[in-house]
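The structure appears below as structure tokens.
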Amino acid sequence: MDTANPQWTLPTATKVDVGRWWQPARLWAVGTETELLLVAAGPRPVVVRVPLTDLRASLYNAVTGEVILAPATGVPYRCLKLAPVEGHQLLAQIQQKETSSC
């Protein structure tokens, strides 16, 4: 897996359980050269690494306001709540890496 520095970060409106009883934590999307990382800080931090090659069919659902990560099977957080502009920026980052690696 890639251990390079993050190239971009994007806060999502998706909240996940990280072991704090009073509120869930914000899920962040972090991009590296070859991976999308989904991270959230807390007593039980969340770190999910997804190769960008597993996200080639991702799309933005304007009705729900979510980026659907596809066909990423086995990813616990496949729907990321984002504003339309941010959602399309995330998809552009994913597709940019996919086309530049050809």
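Every chain in the structure tokens takes a letter, A first, then B, and so on in the order presented; its residues are numbered from 1, and the ligands are numbered from 1 following the presented order.
DSSP on the backbone gives alpha helix (DSSP H) for these parts of chain A: Pro84, Val85, Glu86, Gly87, His88, Gln89, Leu90, Leu91, Ala92, Gln93, Ile94, Gln95, Gln96, Lys97, Glu98, Thr99 and Ser100 of chain A.
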Exercise: A:Tyr60 partners within 12 Å, only C-alpha atoms, chain neighbours under 4 positions left out, as a PyMOL selection string: chain A and resi 64-70+78-92
Using only C-alpha atoms, determine which residues lie at most 9 Å from A:Val47, disregarding the query and same-chain residues fewer than 3 positions distant; provide the list as a short mmCIF file (atom, residue, chain, number, x, y, z; two decimals) with C-alpha atoms, in the first residue's frame.
data_model
loop_
_atom_site.label_atom_id
_atom_site.label_comp_id
_atom_site.auth_asym_id
_atom_site.auth_seq_id
_atom_site.Cartn_x
_atom_site.Cartn_y
_atom_site.Cartn_z
CA LEU A 37 -8.33 6.74 2.59
CA LEU A 38 -11.44 7.21 4.70
CA VAL A 39 -10.43 8.37 8.17
CA ALA A 40 -12.10 9.55 11.38
CA ALA A 41 -10.46 10.40 14.70
#
Pairwise distance for atom CA of A:Asp54 and atom CA of A:Gly42, rounded to one decimal in Å: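 Rounded to one decimal, the two atoms are 26.9 Å apart.
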DSSP strand (DSSP E) residues within chain A, as a VMD selection string: chain A and resid 8 to 16 25 to 31 35 to 40 46 to 51 59 to 61 66 to 68 79 to 81
Long-range neighbours of A:Trp21 as a list in words, 12 Å cut-off, only C-alpha atoms, 3 positions minimum in chain: Val16, Asp17, Val18, Pro24, Ala25, Gly42, Pro43 and Arg44 of chain A
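Neighbours of stretch 6-13 of chain A closer than or equal to 7 Å, with only C-alpha atoms counted and sequence neighbours fewer than 5 positions away skipped, come out as A:Arg26, A:Leu27, A:Trp28, A:Ala29, A:Val30, A:Gly31, A:Thr32, A:Leu80, A:Lys81, A:Leu82.
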Write to file, as a PDB file, in the first residue's frame, the residues of the selection just made, with C-alpha atoms.
ATOM      1  CA  ARG A  26     -16.770  13.259  10.773  1.00  0.00           C
ATOM      2  CA  LEU A  27     -15.405  10.970   8.062  1.00  0.00           C
ATOM      3  CA  TRP A  28     -12.645  12.527   5.941  1.00  0.00           C
ATOM      4  CA  ALA A  29     -11.681  11.461   2.428  1.00  0.00           C
ATOM      5  CA  VAL A  30      -7.918  11.611   1.895  1.00  0.00           C
ATOM      6  CA  GLY A  31      -6.272  10.976  -1.449  1.00  0.00           C
ATOM      7  CA  THR A  32      -2.797   9.666  -2.133  1.00  0.00           C
ATOM      8  CA  LEU A  80     -20.124   9.708   1.392  1.00  0.00           C
ATOM      9  CA  LYS A  81     -22.374  12.717   1.999  1.00  0.00           C
ATOM     10  CA  LEU A  82     -20.970  15.671   0.067  1.00  0.00           C
TER      11      LEU A  82
END
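With only C-alpha atoms as the basis for measurement, A:Gln95 is the residue among A:Arg20, A:Gln95, A:Thr14, A:Gly74 that approaches A:Ser58 most closely.
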Distance of atom CA of A:Pro51 from atom CA of A:Thr34, expressed in Å to one decimal place: 6.0 Å
Between atom CA of A:Gly19 and atom CA of A:Val46, distance in Å (one decimal):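 So the answer is 10.2 Å.
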7 Å contact set for A:Leu52, only C-alpha atoms, chain neighbours under 5 positions out, as a PyMOL selection string: chain A and resi 34-36+94+98
